[in-house]
$ cat structure.cif   # mmCIF, C-alpha atoms and all ligand atoms
data_my_file
loop_
_atom_site.label_atom_id
_atom_site.label_comp_id
_atom_site.auth_asym_id
_atom_site.auth_seq_id
_atom_site.Cartn_x
_atom_site.Cartn_y
_atom_site.Cartn_z
CA MET A 1 -3.62 27.32 38.62
CA LYS A 2 -7.15 26.32 39.71
CA THR A 3 -8.22 24.17 36.81
CA GLY A 4 -9.93 21.35 38.57
CA GLY A 5 -7.78 18.79 36.80
CA ASP A 6 -6.19 18.21 33.44
CA PHE A 7 -7.13 20.40 30.59
CA ILE A 8 -5.87 19.93 27.07
CA LEU A 9 -6.07 22.96 24.81
CA LYS A 10 -5.78 20.90 21.63
CA GLY A 11 -8.84 19.39 20.00
CA LYS A 12 -11.17 21.86 21.74
CA SER A 13 -13.82 24.11 20.22
CA GLN A 14 -13.64 27.83 20.86
CA SER A 15 -16.54 27.71 23.27
CA GLU A 16 -14.88 24.97 25.31
CA LEU A 17 -11.72 27.03 25.37
CA GLU A 18 -13.68 30.11 26.47
CA GLU A 19 -15.18 28.20 29.34
CA PHE A 20 -11.73 27.07 30.38
CA PHE A 21 -10.08 30.49 30.19
CA LEU A 22 -12.96 32.21 32.00
CA GLY A 23 -12.66 29.53 34.66
CA ILE A 24 -9.03 30.42 35.30
CA GLU A 25 -9.83 34.14 35.32
CA GLN A 26 -8.40 34.88 31.93
CA PRO A 27 -10.14 37.04 29.35
CA ARG A 28 -12.48 35.38 26.91
CA TYR A 29 -10.34 36.36 23.89
CA ARG A 30 -7.63 33.93 24.99
CA ALA A 31 -9.85 31.20 23.54
CA ARG A 32 -9.63 32.50 20.00
CA GLN A 33 -5.93 33.19 20.37
CA ALA A 34 -5.26 29.66 21.55
CA PHE A 35 -7.50 28.15 18.86
CA GLN A 36 -5.67 30.06 16.14
CA ARG A 37 -2.22 29.27 17.51
CA ILE A 38 -3.05 25.58 17.53
CA ASN A 39 -5.21 25.10 14.46
CA LYS A 40 -4.20 27.88 12.09
CA HIS A 41 -0.54 28.61 12.86
CA LEU A 42 0.05 24.98 13.82
CA SER A 43 2.25 25.95 16.75
CA ALA A 44 4.57 23.18 17.85
CA SER A 45 4.89 24.47 21.38
CA LEU A 46 3.39 26.83 23.97
CA ASP A 47 6.50 28.96 23.45
CA ASP A 48 4.91 30.10 20.19
CA PHE A 49 1.91 31.56 22.03
CA SER A 50 3.52 34.99 21.92
CA GLU A 51 0.40 36.88 22.96
CA PHE A 52 0.18 34.85 26.20
CA PRO A 53 2.07 36.15 29.25
CA ILE A 54 5.01 33.91 30.12
CA SER A 55 3.49 33.05 33.50
CA LEU A 56 0.34 31.79 31.77
CA ARG A 57 2.34 29.70 29.32
CA GLN A 58 4.22 28.19 32.23
CA SER A 59 1.08 27.31 34.15
CA LEU A 60 -0.43 25.74 31.03
CA ALA A 61 2.72 23.68 30.55
CA GLU A 62 2.53 22.53 34.18
CA ILE A 63 -0.97 21.11 33.75
CA GLY A 64 -0.01 19.32 30.53
CA ALA A 65 -2.28 21.49 28.38
CA PHE A 66 -0.17 20.95 25.27
CA PRO A 67 0.55 17.24 24.79
CA GLU A 68 2.29 16.03 21.66
CA LEU A 69 2.11 12.98 19.47
CA GLN A 70 5.35 11.10 19.37
CA TRP A 71 6.67 10.90 15.82
CA LEU A 72 8.45 7.56 15.54
CA GLN A 73 9.45 7.43 11.91
CA SER A 74 8.33 8.00 8.37
CA GLN A 75 8.88 6.32 5.03
CA ARG A 76 8.66 8.10 1.74
CA GLU A 77 8.47 6.84 -1.82
CA ALA A 78 9.81 8.61 -4.89
CA SER A 79 6.26 9.69 -5.79
CA GLY A 80 6.21 11.85 -2.65
CA VAL A 81 3.76 9.59 -0.83
CA GLU A 82 4.83 9.32 2.80
CA LYS A 83 3.67 7.22 5.71
CA ALA A 84 4.18 8.48 9.26
CA LEU A 85 4.21 6.31 12.34
CA PHE A 86 3.02 7.95 15.58
CA ALA A 87 2.88 6.77 19.15
CA LEU A 88 1.04 7.68 22.32
CA PRO A 89 2.27 6.89 25.80
CA ASP A 90 1.74 3.20 26.57
CA ASP A 91 -1.58 2.20 28.09
CA ARG A 92 -1.97 0.94 31.67
CA ALA A 93 -1.06 -2.56 30.66
CA GLY A 94 2.19 -1.15 29.28
CA ARG A 95 1.32 -1.96 25.68
CA ALA A 96 2.57 0.25 22.90
CA ARG A 97 -0.06 2.37 21.20
CA ARG A 98 0.96 3.19 17.67
CA PHE A 99 -0.88 4.35 14.59
CA GLU A 100 -0.22 5.67 11.10
CA ALA A 101 -1.15 8.47 8.73
CA VAL A 102 -0.34 8.83 5.04
CA TRP A 103 0.49 11.86 2.91
CA LEU A 104 -0.81 11.30 -0.62
CA VAL A 105 0.01 13.29 -3.72
CA SER A 106 -1.73 13.41 -7.06
CA GLU A 107 -1.75 15.89 -9.91
CA ASN A 108 -3.78 18.56 -8.28
CA ARG A 109 -4.25 17.37 -4.72
CA ARG A 110 -2.28 16.83 -1.60
CA THR A 111 -4.27 14.69 0.77
CA ILE A 112 -3.61 13.45 4.28
CA CYS A 113 -5.21 10.15 5.20
CA ILE A 114 -5.65 9.93 8.97
CA SER A 115 -6.48 7.27 11.54
CA SER A 116 -9.40 7.46 13.94
CA GLN A 117 -8.72 4.42 16.13
CA LEU A 118 -5.81 2.34 17.43
CA GLY A 119 -6.49 -0.76 15.37
CA CYS A 120 -10.12 -1.58 14.57
CA THR A 121 -12.88 -3.70 16.06
CA LEU A 122 -14.09 -4.69 12.62
CA ASN A 123 -12.60 -7.63 10.89
CA CYS A 124 -12.91 -7.03 7.16
CA SER A 125 -11.20 -10.05 5.70
CA PHE A 126 -9.07 -8.15 3.17
CA CYS A 127 -7.84 -5.39 5.50
CA ALA A 128 -4.52 -5.56 7.35
CA THR A 129 -5.64 -3.17 10.11
CA GLY A 130 -8.27 -5.73 11.08
CA THR A 131 -5.53 -8.17 12.05
CA LEU A 132 -4.22 -5.87 14.81
CA GLU A 133 -5.39 -5.87 18.38
CA PHE A 134 -7.81 -3.01 19.07
CA ARG A 135 -6.44 -0.51 21.57
CA GLY A 136 -9.05 2.19 21.71
CA ASN A 137 -10.30 5.37 20.14
CA LEU A 138 -8.13 8.35 19.35
CA GLU A 139 -8.96 11.63 21.07
CA THR A 140 -9.89 14.63 18.95
CA TRP A 141 -6.48 16.27 19.37
CA GLN A 142 -4.74 13.01 18.43
CA ILE A 143 -6.72 12.98 15.18
CA VAL A 144 -6.04 16.58 14.13
CA ASP A 145 -2.41 16.50 15.25
CA GLN A 146 -1.68 13.84 12.61
CA VAL A 147 -2.51 16.49 10.02
CA TYR A 148 -0.61 19.29 11.75
CA GLU A 149 2.48 17.20 12.42
CA LEU A 150 2.75 16.08 8.79
CA ILE A 151 2.26 19.63 7.50
CA ARG A 152 4.91 20.98 9.89
CA ARG A 153 7.39 18.35 8.76
CA ARG A 154 6.72 18.66 5.04
CA LYS A 155 6.36 22.44 5.09
CA GLU A 156 3.70 22.14 2.40
CA THR A 157 0.00 22.86 2.52
CA ILE A 158 -2.72 20.33 1.79
CA SER A 159 -5.98 20.36 -0.12
CA ASN A 160 -7.83 17.38 1.37
CA VAL A 161 -8.19 15.24 4.46
CA VAL A 162 -9.67 11.76 4.37
CA PHE A 163 -10.65 9.66 7.40
CA MET A 164 -9.53 6.47 5.71
CA GLY A 165 -6.63 5.38 7.86
CA MET A 166 -6.76 2.89 10.70
CA GLY A 167 -10.08 2.32 12.41
CA GLU A 168 -13.78 2.80 11.80
CA PRO A 169 -14.55 6.54 12.03
CA PHE A 170 -18.19 5.96 12.99
CA HIS A 171 -17.13 3.87 15.96
CA ASN A 172 -15.50 7.07 17.21
CA TYR A 173 -18.19 9.38 15.86
CA GLU A 174 -17.94 12.20 18.37
CA ASN A 175 -14.17 12.69 18.19
CA VAL A 176 -14.06 12.25 14.41
CA LEU A 177 -16.74 14.86 13.79
CA ARG A 178 -15.16 17.24 16.28
CA ALA A 179 -11.86 16.83 14.41
CA ALA A 180 -13.54 17.47 11.05
CA ARG A 181 -15.21 20.62 12.40
CA ILE A 182 -11.89 21.93 13.71
CA LEU A 183 -10.16 21.31 10.36
CA HIS A 184 -13.05 23.09 8.62
CA HIS A 185 -13.17 26.08 11.01
CA PRO A 186 -12.33 29.50 9.50
CA ASP A 187 -10.07 30.28 12.50
CA GLY A 188 -8.22 27.02 11.85
CA MET A 189 -7.05 25.46 8.58
CA ASN A 190 -10.31 26.47 6.94
CA LEU A 191 -10.45 23.33 4.79
CA GLY A 192 -13.62 23.22 2.71
CA ALA A 193 -16.18 20.73 3.99
CA ARG A 194 -16.18 19.01 0.59
CA HIS A 195 -12.42 18.56 0.95
CA ILE A 196 -12.93 16.42 4.03
CA THR A 197 -14.18 12.85 3.53
CA ILE A 198 -15.30 10.43 6.20
CA SER A 199 -15.35 6.79 5.20
CA THR A 200 -17.38 4.08 6.92
CA ALA A 201 -17.57 0.34 6.47
CA GLY A 202 -21.34 0.76 6.87
CA VAL A 203 -22.15 1.65 10.48
CA ILE A 204 -25.80 2.52 9.91
CA PRO A 205 -26.43 4.43 13.18
CA GLY A 206 -23.40 6.62 12.35
CA ILE A 207 -24.77 7.38 8.88
CA GLU A 208 -28.16 8.18 10.39
CA ARG A 209 -26.55 10.54 12.85
CA PHE A 210 -24.56 12.15 10.03
CA ILE A 211 -27.79 12.76 8.09
CA GLN A 212 -29.67 13.96 11.17
CA ASN A 213 -26.94 16.51 11.94
CA ARG A 214 -26.72 17.50 8.28
CA GLU A 215 -22.95 17.21 8.43
CA PRO A 216 -21.41 19.12 5.52
CA PHE A 217 -18.51 16.69 4.96
CA ASN A 218 -18.26 14.07 2.21
CA LEU A 219 -19.44 10.60 3.04
CA ALA A 220 -17.86 7.45 1.62
CA ILE A 221 -19.23 3.96 2.20
CA SER A 222 -17.05 0.89 1.71
CA LEU A 223 -19.42 -1.26 -0.30
CA ASN A 224 -16.91 -3.86 -1.49
CA HIS A 225 -19.45 -6.53 -2.39
CA PRO A 226 -22.79 -5.94 -4.13
CA ASP A 227 -24.51 -9.19 -3.19
CA PRO A 228 -26.58 -9.16 0.02
CA GLU A 229 -25.94 -12.86 0.52
CA GLN A 230 -22.18 -12.62 0.06
CA ARG A 231 -21.04 -9.27 1.44
CA GLY A 232 -21.07 -10.71 4.95
CA GLU A 233 -18.49 -13.28 3.94
CA ILE A 234 -15.85 -10.61 3.45
CA MET A 235 -17.12 -7.94 5.85
CA ASP A 236 -18.43 -9.15 9.18
CA ILE A 237 -20.11 -5.79 9.79
CA ASP A 238 -22.65 -6.82 7.13
CA ARG A 239 -24.11 -9.32 9.59
CA LYS A 240 -24.93 -6.48 11.97
CA TYR A 241 -25.84 -3.87 9.35
CA PRO A 242 -26.96 -5.75 6.23
CA LEU A 243 -26.49 -4.40 2.73
CA ARG A 244 -30.20 -3.97 2.05
CA GLU A 245 -30.59 -1.68 5.04
CA LEU A 246 -27.34 0.07 4.26
CA LEU A 247 -28.57 0.95 0.79
CA ILE A 248 -31.82 2.31 2.18
CA VAL A 249 -29.94 4.67 4.47
CA ALA A 250 -27.50 5.55 1.65
CA ARG A 251 -30.43 6.63 -0.52
CA ARG A 252 -31.83 8.61 2.38
CA PHE A 253 -28.50 10.45 2.65
CA THR A 254 -28.60 11.51 -1.00
CA ARG A 255 -32.25 12.55 -0.76
CA GLU A 256 -32.23 14.40 2.53
CA LEU A 257 -28.90 16.15 2.06
CA ASP A 258 -29.33 16.42 -1.70
CA ARG A 259 -25.79 15.19 -2.27
CA ARG A 260 -23.92 12.41 -3.96
CA LEU A 261 -22.01 9.88 -1.89
CA THR A 262 -19.00 7.74 -2.71
CA PHE A 263 -18.92 3.96 -2.73
CA GLU A 264 -15.52 2.40 -2.33
CA TYR A 265 -15.03 -0.97 -3.94
CA VAL A 266 -11.93 -3.09 -3.30
CA MET A 267 -11.40 -5.21 -6.40
CA ILE A 268 -10.63 -8.82 -5.46
CA PRO A 269 -10.36 -11.28 -8.38
CA GLY A 270 -12.46 -14.39 -7.84
CA VAL A 271 -14.47 -12.65 -5.11
CA ASN A 272 -16.24 -9.56 -6.39
CA MET A 273 -15.20 -8.96 -10.01
CA GLY A 274 -17.25 -11.54 -11.90
CA PRO A 275 -20.10 -10.80 -14.34
CA SER A 276 -22.82 -11.22 -11.75
CA GLU A 277 -21.10 -8.92 -9.24
CA LEU A 278 -20.57 -6.41 -12.01
CA ARG A 279 -24.26 -6.53 -12.85
CA GLN A 280 -25.26 -6.15 -9.22
CA LEU A 281 -22.84 -3.28 -8.70
CA ILE A 282 -24.20 -1.45 -11.73
CA LYS A 283 -27.72 -1.92 -10.41
CA ILE A 284 -26.77 -0.47 -7.03
CA ALA A 285 -24.86 2.42 -8.58
CA ARG A 286 -27.89 3.28 -10.69
CA SER A 287 -30.18 3.26 -7.69
CA VAL A 288 -28.13 5.58 -5.46
CA ARG A 289 -26.75 9.00 -6.46
CA CYS A 290 -23.11 8.04 -6.19
CA LYS A 291 -19.68 7.73 -7.63
CA VAL A 292 -17.71 4.51 -7.34
CA ASN A 293 -14.05 4.53 -6.33
CA LEU A 294 -12.32 1.33 -7.35
CA ILE A 295 -9.31 0.23 -5.33
CA PRO A 296 -7.17 -2.75 -6.43
CA LEU A 297 -6.61 -5.17 -3.56
CA ASN A 298 -3.37 -4.29 -1.78
CA THR A 299 -2.98 -7.23 0.59
CA ASP A 300 -2.49 -10.94 0.07
CA LEU A 301 -4.56 -12.20 3.00
CA HIS A 302 -6.38 -15.53 2.42
CA GLY A 303 -4.29 -16.13 -0.68
CA TRP A 304 -6.23 -13.47 -2.58
CA ARG A 305 -4.36 -11.59 -5.24
CA ARG A 306 -4.34 -8.15 -6.69
CA PRO A 307 -6.16 -7.75 -10.02
CA THR A 308 -3.98 -7.37 -13.09
CA GLU A 309 -4.04 -4.03 -14.90
CA GLU A 310 -6.20 -5.67 -17.53
CA GLU A 311 -8.71 -7.03 -15.04
CA SER A 312 -9.06 -3.69 -13.26
CA SER A 313 -9.36 -1.72 -16.44
CA SER A 314 -11.98 -3.99 -17.95
CA PHE A 315 -14.04 -3.87 -14.74
CA TYR A 316 -13.65 -0.11 -14.71
CA SER A 317 -14.60 0.29 -18.37
CA ALA A 318 -17.67 -1.88 -17.92
CA LEU A 319 -18.88 0.47 -15.20
CA LEU A 320 -18.23 3.52 -17.37
CA ASP A 321 -20.05 1.88 -20.28
CA ALA A 322 -23.03 1.34 -18.03
CA GLY A 323 -23.05 5.07 -17.27
CA VAL A 324 -21.68 4.71 -13.75
CA MET A 325 -19.42 7.50 -12.52
CA ALA A 326 -16.39 5.40 -11.65
CA PHE A 327 -12.74 6.10 -10.84
CA ASN A 328 -9.83 3.75 -10.49
CA ARG A 329 -7.95 5.12 -7.52
CA GLY A 330 -4.94 2.84 -7.94
CA SER A 331 -2.67 2.13 -4.98
CA PRO A 332 -0.46 5.09 -4.10
CA GLY A 333 1.95 4.22 -1.29
CA ARG A 334 2.04 0.49 -1.93
CA SER A 335 5.83 0.25 -1.83
CA ILE A 336 5.87 1.60 1.74
CA ASN A 337 2.86 -0.41 2.95
CA GLY A 338 0.88 2.80 2.94
CA ALA A 339 -1.87 2.06 0.41
CA CYS A 340 -5.53 1.36 1.33
CA GLY A 341 -5.91 -1.57 3.65
CA MET A 342 -2.18 -1.88 4.38
CA LEU A 343 -1.93 0.11 7.59
CA ALA A 344 -0.71 -2.45 10.07
CA LEU A 345 2.34 -0.82 11.61
CA LYS A 346 4.75 -2.57 9.28
CA SER A 347 7.78 -1.06 7.60
CA ALA A 348 8.26 -1.12 3.87
CA SER A 349 9.25 -4.60 2.81
N1 LIG A 401 -13.27 1.65 8.32
C1 LIG A 401 -13.48 2.65 7.31
C2 LIG A 401 -12.24 3.46 7.07
C3 LIG A 401 -11.10 2.70 6.43
S1 LIG A 401 -10.97 3.31 4.83
C4 LIG A 401 -14.02 2.00 6.06
O1 LIG A 401 -14.05 0.79 6.00
O2 LIG A 401 -14.46 2.70 5.17
C5 LIG A 401 -10.07 2.16 4.06
C6 LIG A 401 -10.58 1.85 2.68
O3 LIG A 401 -9.66 0.91 2.16
C7 LIG A 401 -11.94 1.18 2.71
O4 LIG A 401 -12.70 1.57 1.60
C8 LIG A 401 -11.58 -0.29 2.57
O5 LIG A 401 -12.61 -1.02 1.95
C9 LIG A 401 -10.34 -0.23 1.71
N2 LIG A 401 -9.47 -1.38 1.92
C10 LIG A 401 -9.35 -2.11 3.04
N3 LIG A 401 -8.47 -3.11 2.86
C11 LIG A 401 -8.02 -2.99 1.58
C12 LIG A 401 -7.09 -3.73 0.79
N4 LIG A 401 -6.48 -4.78 1.27
N5 LIG A 401 -6.86 -3.32 -0.47
C13 LIG A 401 -7.48 -2.25 -0.96
N6 LIG A 401 -8.37 -1.50 -0.27
C14 LIG A 401 -8.65 -1.88 0.98
#
$ encode --input "structure.cif" --output "structure tokens" --more "lines below"
Ligand code: SAH
Amino acid sequence: MKTGGDFILKGKSQSELEEFFLGIEQPRYRARQAFQRINKHLSASLDDFSEFPISLRQSLAEIGAFPELQWLQSQREASGVEKALFALPDDRAGRARRFEAVWLVSENRRTICISSQLGCTLNCSFCATGTLEFRGNLETWQIVDQVYELIRRRKETISNVVFMGMGEPFHNYENVLRAARILHHPDGMNLGARHITISTAGVIPGIERFIQNREPFNLAISLNHPDPEQRGEIMDIDRKYPLRELLIVARRFTRELDRRLTFEYVMIPGVNMGPSELRQLIKIARSVRCKVNLIPLNTDLHGWRRPTEEESSSFYSALLDAGVMAFNRGSPGRSINGACGMLALKSAS
């Protein structure tokens, strides 16, 4: 087959697929067929491409057009929350490249939380992923295949996808947005744009690009500390993109796209739950059209501890009393090291 090199069918848009199929003298409609096989029917193999002649399937297999994530293991808690561990072939230095995704269940939602990078270059002091060595960005197909692989295994459908696993999505902007568009595409899973959430630690150029492109997906910003002088002590990204500027661009998002955004707030006793932080958080929440998702700390880095039920609920109630739209998201998956901030390639303890 004259392909001029490797070509991977997964993670491609229909127009990229058209260009490829026309280039190998195949009809244009093969693009839509391939796109649907991959992203709608979630085919596990080229053998499922029943409308493709066998000779074409064979040539595609020969050029490695249908790579697969390696599924290493999964852990599941009684609640139904499940964490999957995936691997890619080792890099040139022979180092393992592993990453995780989590299946979350709640009353009326089934959500998959996916990773966008192998490790993370950020070093948020409360996050376990930040302690891993960074081993690169995931390709588009490696991002969407986390969703497809979990759905194939569980044989259940999902309602939401969140880019809240390992990595900083806006440090892999292109591939993350391509993945979101594929998940949203009517010839694919057709997930509603408001059922897809991209979460950033505050990469301002990424948010600006998101606004500029008028991306239809939900945006979440990990605020985590409301004080411009102190946020940088727990999130080093604040030194590059300071809170004051972050809030300006957050307000621009709500104004220009006419939408609410989500602030995530990891509750750490002794760090960001005192009366002055509460006051500052309320002030911020009143100045940006937002909702606030509270997450109890799930790690014990730096000797920090998780808030007690009482501490979280009084912080939460104080926000509600101040008229802030707040939610306490709890920590689903904690027993399998699958809750927020725990993804660090560890088994359940
Ligand atoms: N890098 C992106 C995507 C990761 S999302 C971001 O920062 O938004 C992970 C979410 O979990 C973020 O809101 C983060 O603040 C939160 N988180 C990180 N470590 C945590 C921990 N130890 N306990 C609870 N939540 C944590």
$ closest_atom_pairs --input "structure.cif" --of "chain A" --to "ligand LIG 401 (chain A)" --cutoff "6 Å" --atoms "only C-alpha atoms and all ligand atoms" --output "CSV"
residue,atom,partner,partner_atom,distance
A:Phe126,CA,A:LIG401,N4,4.7
A:Cys127,CA,A:LIG401,N3,3.5
A:Met164,CA,A:LIG401,S1,3.6
A:Gly165,CA,A:LIG401,C3,5.4
A:Gly167,CA,A:LIG401,N1,5.2
A:Glu168,CA,A:LIG401,N1,3.7
A:Ser199,CA,A:LIG401,O2,4.2
A:Thr200,CA,A:LIG401,O2,3.7
A:Ala201,CA,A:LIG401,O1,3.6
A:Ile221,CA,A:LIG401,O2,5.8
A:Ser222,CA,A:LIG401,O4,4.4
A:Glu264,CA,A:LIG401,O4,4.9
A:Val266,CA,A:LIG401,N6,4.9
A:Ile295,CA,A:LIG401,C13,5.3
A:Pro296,CA,A:LIG401,C13,5.5
A:Leu297,CA,A:LIG401,N5,3.6
A:Asn298,CA,A:LIG401,N5,3.9
A:Thr299,CA,A:LIG401,N4,4.3
A:Cys340,CA,A:LIG401,O3,4.2
A:Gly341,CA,A:LIG401,N3,3.1
$ atom_distance --input "structure.cif" --atom1 "atom CA of Glu208 of chain A" --atom2 "atom CA of Asp187 of chain A"
28.6 Å
$ residues_around --input "structure.cif" --residues "segment 43-48 of chain A" --least-positions-apart "3" --cutoff "9 Å" --atoms "only C-alpha atoms" --output "ChimeraX atom specification"
/A:36-40,51-52,54,57-58,60-61,65-66,68,148-149,152
$ atom_distance --input "structure.cif" --atom1 "atom CA of Leu320 of chain A" --atom2 "atom CA of Ala339 of chain A"
24.2 Å
$ atom_distance --input "structure.cif" --atom1 "atom CA of Gly323 of chain A" --atom2 "atom CA of Asn293 of chain A"
14.2 Å
$ residues_around --input "structure.cif" --residues "Ala193 of chain A" --least-positions-apart "6" --cutoff "10 Å" --atoms "only C-alpha atoms" --output "list of chain:residue names"
A:Asn160, A:Val161, A:Ala180, A:Arg181, A:Leu183, A:His184, A:His185, A:Glu215, A:Pro216, A:Phe217, A:Asn218
$ closest_residue --input "structure.cif" --among "A:Ser125, A:Thr111, A:Asn328, A:Thr157" --to "Thr197 of chain A" --atoms "all atoms listed in the file"
A:Thr111
$ closest_residue --input "structure.cif" --among "A:Ala87, A:Leu150, A:Met267, A:Met325" --to "Ser313 of chain A" --atoms "only C-alpha atoms"
A:Met267
$ residues_around --input "structure.cif" --residues "segment 244-247 of chain A" --least-positions-apart "6" --cutoff "12 Å" --atoms "all atoms listed in the file" --output "number ranges by chain"
A: 200-208, 221-223, 225-232, 237-238, 253-254, 261, 263, 281, 283-290
$ residues_around --input "structure.cif" --residues "Ile282 of chain A" --least-positions-apart "6" --cutoff "8 Å" --atoms "only C-alpha atoms" --output "count of residues only"
3
$ closest_residue --input "structure.cif" --among "A:His195, A:Arg260, A:Leu17, A:Leu343" --to "Arg98 of chain A" --atoms "all atoms listed in the file"
A:Leu343
$ closest_residue --input "structure.cif" --among "A:Phe134, A:Phe170, A:Phe99, A:Phe20" --to "Gly119 of chain A" --atoms "all atoms listed in the file"
A:Phe134
